[in-house]
$ cat model-v9.txt   # compact mmCIF, C-alpha atoms and all ligand atoms
# COMPACT_ATOMS: atom_id res chain seq x y z
CA MET A 412 25.42 -8.28 -10.40
CA SER A 413 23.78 -4.88 -10.54
CA THR A 414 26.01 -1.86 -10.43
CA GLY A 415 23.06 0.17 -9.12
CA HIS A 416 23.47 3.04 -6.73
CA GLY A 417 21.71 1.37 -3.79
CA PRO A 418 23.49 0.56 -0.57
CA THR A 419 23.77 -3.14 -1.29
CA PRO A 420 23.41 -4.81 -4.67
CA SER A 421 20.83 -7.18 -3.25
CA ILE A 422 19.67 -8.95 -6.40
CA ASN A 423 21.64 -10.68 -9.06
CA PHE A 424 19.36 -9.66 -11.93
CA ASP A 425 20.83 -12.29 -14.26
CA THR A 426 20.21 -15.21 -11.93
CA PRO A 427 17.38 -13.99 -9.71
CA PRO A 428 16.11 -16.19 -6.90
CA THR A 429 12.90 -18.11 -7.58
CA ASP A 430 11.16 -16.52 -4.58
CA PRO A 431 10.53 -12.75 -4.75
CA PHE A 432 9.23 -12.38 -1.20
CA PRO A 433 12.57 -12.16 0.64
CA ILE A 434 13.75 -9.52 -1.86
CA LEU A 435 10.60 -7.50 -1.28
CA GLU A 436 11.10 -7.72 2.48
CA GLN A 437 14.76 -6.74 2.15
CA TRP A 438 14.11 -3.74 -0.11
CA LEU A 439 11.41 -2.53 2.27
CA ALA A 440 13.68 -2.99 5.27
CA GLU A 441 16.42 -1.02 3.51
CA ALA A 442 13.93 1.71 2.60
CA MET A 443 12.77 1.89 6.21
CA GLN A 444 16.33 2.84 7.18
CA LEU A 445 16.14 5.96 5.03
CA PRO A 446 16.05 9.27 6.89
CA THR A 447 13.06 10.38 4.77
CA PRO A 448 9.53 10.41 6.23
CA ASN A 449 7.13 7.62 5.29
CA PRO A 450 9.32 5.25 3.30
CA ASN A 451 6.33 2.88 3.54
CA ALA A 452 4.23 5.31 1.46
CA MET A 453 2.97 3.73 -1.76
CA THR A 454 0.82 4.89 -4.62
CA LEU A 455 -2.40 2.90 -4.81
CA ALA A 456 -4.02 2.85 -8.25
CA THR A 457 -7.59 1.70 -8.67
CA VAL A 458 -10.16 1.59 -11.45
CA ASP A 459 -13.74 2.69 -10.86
CA ALA A 460 -17.01 1.26 -12.14
CA ASP A 461 -16.66 3.28 -15.38
CA GLY A 462 -13.12 2.02 -15.98
CA ALA A 463 -11.55 5.35 -14.98
CA PRO A 464 -8.23 5.07 -13.13
CA SER A 465 -7.29 7.08 -10.04
CA ALA A 466 -4.27 7.05 -7.76
CA ARG A 467 -3.33 8.27 -4.29
CA ILE A 468 -0.77 7.60 -1.58
CA VAL A 469 -1.52 5.21 1.29
CA LEU A 470 0.81 3.73 3.89
CA LEU A 471 1.83 0.07 3.81
CA ARG A 472 0.74 -1.41 7.14
CA GLY A 473 1.86 -5.01 6.97
CA LEU A 474 3.36 -7.25 4.33
CA THR A 475 2.93 -11.02 4.19
CA ARG A 476 2.91 -13.56 1.42
CA ASP A 477 -0.87 -13.03 1.40
CA GLY A 478 -0.36 -9.46 0.29
CA ALA A 479 0.37 -5.82 1.06
CA ARG A 480 -2.04 -4.31 3.59
CA PHE A 481 -3.28 -0.77 4.01
CA PHE A 482 -6.11 0.85 5.95
CA THR A 483 -8.68 3.37 4.82
CA ASN A 484 -12.29 4.45 4.73
CA ARG A 485 -14.16 1.84 2.69
CA GLU A 486 -16.77 4.44 1.64
CA SER A 487 -14.07 6.70 0.16
CA ARG A 488 -13.51 7.14 -3.55
CA LYS A 489 -10.91 4.36 -3.50
CA GLY A 490 -13.24 2.17 -1.43
CA ARG A 491 -16.01 2.59 -3.99
CA ALA A 492 -13.60 1.83 -6.84
CA LEU A 493 -12.38 -1.31 -5.07
CA ALA A 494 -15.99 -2.43 -4.53
CA ALA A 495 -16.48 -2.15 -8.31
CA HIS A 496 -13.12 -3.65 -9.33
CA ALA A 497 -11.29 -5.59 -6.64
CA ARG A 498 -7.90 -5.19 -8.32
CA ALA A 499 -5.16 -2.66 -7.70
CA ALA A 500 -1.62 -1.61 -8.48
CA LEU A 501 0.84 -0.42 -5.82
CA LEU A 502 3.97 1.57 -6.45
CA PHE A 503 6.93 2.37 -4.23
CA HIS A 504 9.65 4.78 -5.29
CA TRP A 505 12.75 5.21 -3.14
CA ASP A 506 14.75 7.86 -4.94
CA ALA A 507 17.63 7.73 -2.48
CA LEU A 508 18.08 4.03 -3.31
CA ASP A 509 17.35 4.48 -7.02
CA ARG A 510 14.69 1.81 -6.69
CA GLN A 511 11.10 1.27 -7.72
CA VAL A 512 8.80 -1.63 -6.84
CA ARG A 513 5.53 -2.30 -8.62
CA ILE A 514 2.94 -4.71 -7.25
CA GLU A 515 -0.29 -5.75 -8.93
CA GLY A 516 -2.95 -8.04 -7.61
CA ARG A 517 -6.42 -8.80 -6.44
CA VAL A 518 -7.82 -6.91 -3.48
CA MET A 519 -9.43 -8.51 -0.46
CA LEU A 520 -10.86 -7.00 2.69
CA ALA A 521 -8.74 -7.50 5.78
CA SER A 522 -10.64 -9.33 8.52
CA ASP A 523 -12.63 -7.43 11.14
CA ALA A 524 -10.23 -8.76 13.78
CA GLU A 525 -7.15 -7.30 12.09
CA SER A 526 -8.90 -4.01 11.33
CA ASP A 527 -10.00 -3.80 14.99
CA GLU A 528 -6.49 -4.57 16.18
CA TYR A 529 -4.87 -1.95 13.96
CA PHE A 530 -7.51 0.68 14.77
CA ALA A 531 -7.08 0.13 18.51
CA HIS A 532 -3.39 1.06 18.24
CA ARG A 533 -4.04 4.43 16.58
CA PRO A 534 -3.83 7.63 18.62
CA VAL A 535 -7.20 8.55 20.10
CA ASP A 536 -7.54 11.69 17.94
CA SER A 537 -6.97 9.64 14.79
CA ARG A 538 -9.67 7.24 15.93
CA VAL A 539 -12.10 10.06 16.60
CA ASN A 540 -11.33 11.66 13.25
CA ALA A 541 -12.05 8.39 11.44
CA TRP A 542 -15.63 9.04 12.61
CA ALA A 543 -15.52 12.77 11.88
CA SER A 544 -14.26 12.62 8.28
CA ALA A 545 -16.51 11.31 5.52
CA GLN A 546 -13.43 10.71 3.41
CA SER A 547 -13.69 11.91 -0.21
CA GLU A 548 -17.03 13.71 0.38
CA PRO A 549 -17.29 17.49 -0.07
CA VAL A 550 -17.09 19.64 3.06
CA ALA A 551 -17.89 23.35 3.17
CA SER A 552 -14.93 24.63 5.18
CA ARG A 553 -12.12 23.87 7.60
CA GLU A 554 -14.42 25.19 10.30
CA GLU A 555 -17.07 22.61 9.44
CA LEU A 556 -14.47 19.83 9.54
CA GLU A 557 -13.29 20.94 12.97
CA ARG A 558 -16.88 21.25 14.19
CA ARG A 559 -17.47 17.61 13.27
CA ALA A 560 -14.23 16.58 15.01
CA THR A 561 -15.25 18.44 18.17
CA GLU A 562 -18.68 16.84 18.04
CA MET A 563 -17.15 13.36 17.77
CA THR A 564 -14.63 14.09 20.55
CA ALA A 565 -17.59 14.94 22.82
CA ARG A 566 -19.55 11.90 21.70
CA PHE A 567 -16.70 9.51 22.55
CA ALA A 568 -15.48 11.28 25.70
CA GLY A 569 -14.50 8.76 28.34
CA ILE A 570 -15.10 5.69 26.18
CA ASP A 571 -12.83 3.56 24.07
CA VAL A 572 -13.40 4.82 20.51
CA PRO A 573 -14.70 1.88 18.46
CA ARG A 574 -13.71 1.26 14.85
CA PRO A 575 -16.26 2.79 12.47
CA PRO A 576 -17.95 0.08 10.42
CA HIS A 577 -16.77 1.79 7.21
CA TRP A 578 -13.09 1.86 8.24
CA GLY A 579 -10.79 -1.10 7.72
CA GLY A 580 -7.99 -2.82 5.91
CA TYR A 581 -7.45 -4.14 2.42
CA ARG A 582 -4.84 -6.55 1.16
CA VAL A 583 -3.42 -6.54 -2.36
CA SER A 584 -2.20 -9.99 -3.39
CA LEU A 585 1.34 -10.24 -4.75
CA ASP A 586 0.41 -11.53 -8.21
CA ARG A 587 2.97 -9.48 -10.11
CA ILE A 588 6.02 -7.93 -8.50
CA GLU A 589 8.54 -5.89 -10.41
CA PHE A 590 11.89 -4.77 -9.00
CA TRP A 591 13.64 -1.85 -10.70
CA GLN A 592 17.13 -0.75 -9.85
CA GLY A 593 18.45 2.36 -11.53
CA ASP A 594 21.78 2.21 -13.29
CA LYS A 595 23.99 4.43 -15.39
CA TYR A 596 22.81 5.94 -18.68
CA ARG A 597 19.29 4.53 -18.31
CA LEU A 598 20.49 0.94 -18.59
CA HIS A 599 18.46 0.04 -15.55
CA ASP A 600 17.88 -3.46 -14.20
CA ARG A 601 14.33 -4.81 -14.09
CA ILE A 602 12.96 -8.20 -13.15
CA VAL A 603 9.33 -9.16 -12.92
CA TYR A 604 7.85 -12.05 -10.99
CA THR A 605 4.45 -13.35 -12.09
CA ARG A 606 2.60 -15.72 -9.83
CA ARG A 607 1.24 -18.80 -11.53
CA VAL A 608 -2.56 -18.97 -11.33
CA GLY A 609 -3.83 -21.10 -8.47
CA THR A 610 -0.59 -21.07 -6.46
CA SER A 611 -0.14 -19.52 -3.04
CA GLY A 612 3.16 -17.86 -3.83
CA SER A 613 4.98 -19.68 -1.05
CA ALA A 614 6.31 -22.79 -2.81
CA PRO A 615 9.34 -22.90 -5.11
CA GLY A 616 8.17 -22.48 -8.68
CA ASP A 617 5.01 -20.56 -7.77
CA TYR A 618 6.40 -17.53 -9.59
CA GLY A 619 7.82 -17.23 -13.07
CA VAL A 620 10.58 -14.63 -13.38
CA GLU A 621 11.83 -12.61 -16.35
CA ARG A 622 14.32 -9.83 -16.86
CA LEU A 623 12.83 -6.88 -18.74
CA CYS A 624 14.44 -4.23 -20.90
CA PRO A 625 14.55 -0.92 -19.09
C1 LIG A 701 2.09 10.30 3.05
C2 LIG A 701 0.61 10.02 2.93
C3 LIG A 701 0.08 8.90 3.56
C4 LIG A 701 -1.28 8.61 3.46
N1 LIG A 701 -1.76 7.46 4.02
C5 LIG A 701 -3.07 7.15 3.88
C6 LIG A 701 -3.56 5.91 4.38
O1 LIG A 701 -2.82 5.04 4.88
N2 LIG A 701 -4.90 5.68 4.24
C7 LIG A 701 -5.74 6.58 3.67
O2 LIG A 701 -6.94 6.32 3.60
N3 LIG A 701 -5.30 7.74 3.15
C8 LIG A 701 -3.98 8.05 3.24
N4 LIG A 701 -3.50 9.22 2.71
C9 LIG A 701 -4.46 10.13 2.03
C10 LIG A 701 -4.74 9.61 0.62
O3 LIG A 701 -3.65 9.92 -0.25
C11 LIG A 701 -6.05 10.18 0.01
O4 LIG A 701 -6.03 11.58 0.03
C12 LIG A 701 -7.29 9.70 0.77
O5 LIG A 701 -7.17 8.35 1.15
C13 LIG A 701 -8.54 9.89 -0.07
O6 LIG A 701 -8.37 9.20 -1.29
P1 LIG A 701 -9.63 8.82 -2.22
O7 LIG A 701 -10.51 10.06 -2.25
O8 LIG A 701 -9.05 8.48 -3.56
O9 LIG A 701 -10.33 7.65 -1.58
C14 LIG A 701 -2.15 9.51 2.76
C15 LIG A 701 -1.59 10.62 2.12
C16 LIG A 701 -0.24 10.87 2.18
C17 LIG A 701 0.32 12.06 1.45
$ encode --input "model-v9.txt" --output "C-alpha cells"
Amino acid sequence: MSTGHGPTPSINFDTPPTDPFPILEQWLAEAMQLPTPNPNAMTLATVDADGAPSARIVLLRGLTRDGARFFTNRESRKGRALAAHARAALLFHWDALDRQVRIEGRVMLASDAESDEYFAHRPVDSRVNAWASAQSEPVASREELERRATEMTARFAGIDVPRPPHWGGYRVSLDRIEFWQGDKYRLHDRIVYTRRVGTSGSAPGDYGVERLCP
C-alpha cells in the first residue's frame, strides 16, 4: 500500500486492479474536492504538421471510457495541430494530493449533438465571445477585441446564440494512463495501464498494467 501523502491511499501499487477507469474517476473526484480553482484543468500536448510539440491548459469537460473530453475552437493552433496529428497527451497535476495523472491517446471529434448541448449551457457572454475571438490569431489591441465582442453582442441580441461551426469538443481516448503518487525521498509510486490494441477498454484484461520506477 502506498504511503503517499494523499487523503486516501486509493491504489495498492503492488497489486493494482485490472481496470484503471474507476481509479481515474476516484482520483478526479478527490481532486474536485480540493479548495483550489479548476482542479479539472489539464495540460493538453499536441504535435503539429511539422512535428513540433506545443502545450496549453484546457478544462476536462466529461470523462467516460471512450475518453477525456474538452471543448475549444477547432481553428485554433491546437485545432490545426490535431487536424494534422489526431493524437494527444493530457496531464493533470494535483500538488495538494501529491498526484499526477498522464493520459495518452487518439483524438476524435465530439459529435455535433454533444458540442451543441455543452455550448447551450455556457453563459451567454461566453457564447458570444466564441464568435468574437478568432482563437490563436493575432489581434491588434484589447480595444479591437472588445469591439468585436460588442459587434457580436449586437448581432445576436434577442436570439439564442448558436454554436459557431468552428467550436466543439474533442475526446482523447484512454490508451495509456499513468498514475503517480508522490512518496518520501523521491521513492514515488507509479503504475501505467496500456490498452491492448483493438479493445474497448471496458472488459477485464483490456489493459496491461506495470509498475514503473520513479
Ligand atoms: C485554467 C485554464 C483553463 C482553460 N480552459 C480552456 C478550455 O477549456 N478550452 C480552450 O480552448 N482554452 C482554454 N484555456 C486557454 C488555453 O490554455 C489556450 O490559451 C487557448 O486554448 C489557445 O491555445 P492554442 O493557441 O494552443 O490553440 C484555458 C486556460 C486556462 C489557464
$ atom_distance --input "model-v9.txt" --atom1 "atom CA of Ala531 of chain A" --atom2 "atom CA of Gln437 of chain A"
28.1 Å
$ residues_around --input "model-v9.txt" --residues "segment 501-505 of chain A" --least-positions-apart "6" --cutoff "9 Å" --atoms "only C-alpha atoms" --output "MDAnalysis selection string"
chainID A and resid 442 445 450:456 479 511:516 583
$ residues_near_ligand --input "model-v9.txt" --ligand "ligand LIG 701 (chain A)" --cutoff "6 Å" --atoms "only C-alpha atoms and all ligand atoms" --output "PDB file with C-alpha atoms, in the frame of the given file"
ATOM      1  CA  ALA A 452       4.230   5.310   1.460  1.00  0.00           C
ATOM      2  CA  ARG A 467      -3.330   8.270  -4.290  1.00  0.00           C
ATOM      3  CA  ILE A 468      -0.770   7.600  -1.580  1.00  0.00           C
ATOM      4  CA  VAL A 469      -1.520   5.210   1.290  1.00  0.00           C
ATOM      5  CA  LEU A 470       0.810   3.730   3.890  1.00  0.00           C
ATOM      6  CA  PHE A 481      -3.280  -0.770   4.010  1.00  0.00           C
ATOM      7  CA  PHE A 482      -6.110   0.850   5.950  1.00  0.00           C
ATOM      8  CA  THR A 483      -8.680   3.370   4.820  1.00  0.00           C
ATOM      9  CA  ASN A 484     -12.290   4.450   4.730  1.00  0.00           C
ATOM     10  CA  SER A 487     -14.070   6.700   0.160  1.00  0.00           C
ATOM     11  CA  ARG A 488     -13.510   7.140  -3.550  1.00  0.00           C
ATOM     12  CA  LYS A 489     -10.910   4.360  -3.500  1.00  0.00           C
ATOM     13  CA  SER A 547     -13.690  11.910  -0.210  1.00  0.00           C
TER      14      SER A 547
END
$ atom_distance --input "model-v9.txt" --atom1 "atom CA of Ala492 of chain A" --atom2 "atom CA of Ala460 of chain A"
6.3 Å
$ atom_distance --input "model-v9.txt" --atom1 "atom CA of Arg553 of chain A" --atom2 "atom CA of Gly579 of chain A"
25.0 Å
$ residues_around --input "model-v9.txt" --residues "Glu486 of chain A" --least-positions-apart "6" --cutoff "10 Å" --atoms "all atoms listed in the file" --output "PDB file with C-alpha atoms, keeping the file's coordinate frame"
ATOM      1  CA  ALA A 492     -13.600   1.830  -6.840  1.00  0.00           C
ATOM      2  CA  LEU A 493     -12.380  -1.310  -5.070  1.00  0.00           C
ATOM      3  CA  ALA A 494     -15.990  -2.430  -4.530  1.00  0.00           C
ATOM      4  CA  ALA A 545     -16.510  11.310   5.520  1.00  0.00           C
ATOM      5  CA  GLN A 546     -13.430  10.710   3.410  1.00  0.00           C
ATOM      6  CA  SER A 547     -13.690  11.910  -0.210  1.00  0.00           C
ATOM      7  CA  GLU A 548     -17.030  13.710   0.380  1.00  0.00           C
ATOM      8  CA  PRO A 576     -17.950   0.080  10.420  1.00  0.00           C
ATOM      9  CA  HIS A 577     -16.770   1.790   7.210  1.00  0.00           C
ATOM     10  CA  TRP A 578     -13.090   1.860   8.240  1.00  0.00           C
TER      11      TRP A 578
END
$ closest_residue --input "model-v9.txt" --among "A:Arg517, A:Arg558, A:Lys595, A:Arg476" --to "Asp617 of chain A" --atoms "all atoms listed in the file"
A:Arg476
$ closest_residue --input "model-v9.txt" --among "A:Arg533, A:Arg485, A:Arg582, A:Arg472" --to "Ala521 of chain A" --atoms "all atoms listed in the file"
A:Arg582
$ closest_residue --input "model-v9.txt" --among "A:Met519, A:Leu471, A:Ala500, A:Val603" --to "Trp591 of chain A" --atoms "all atoms listed in the file"
A:Val603
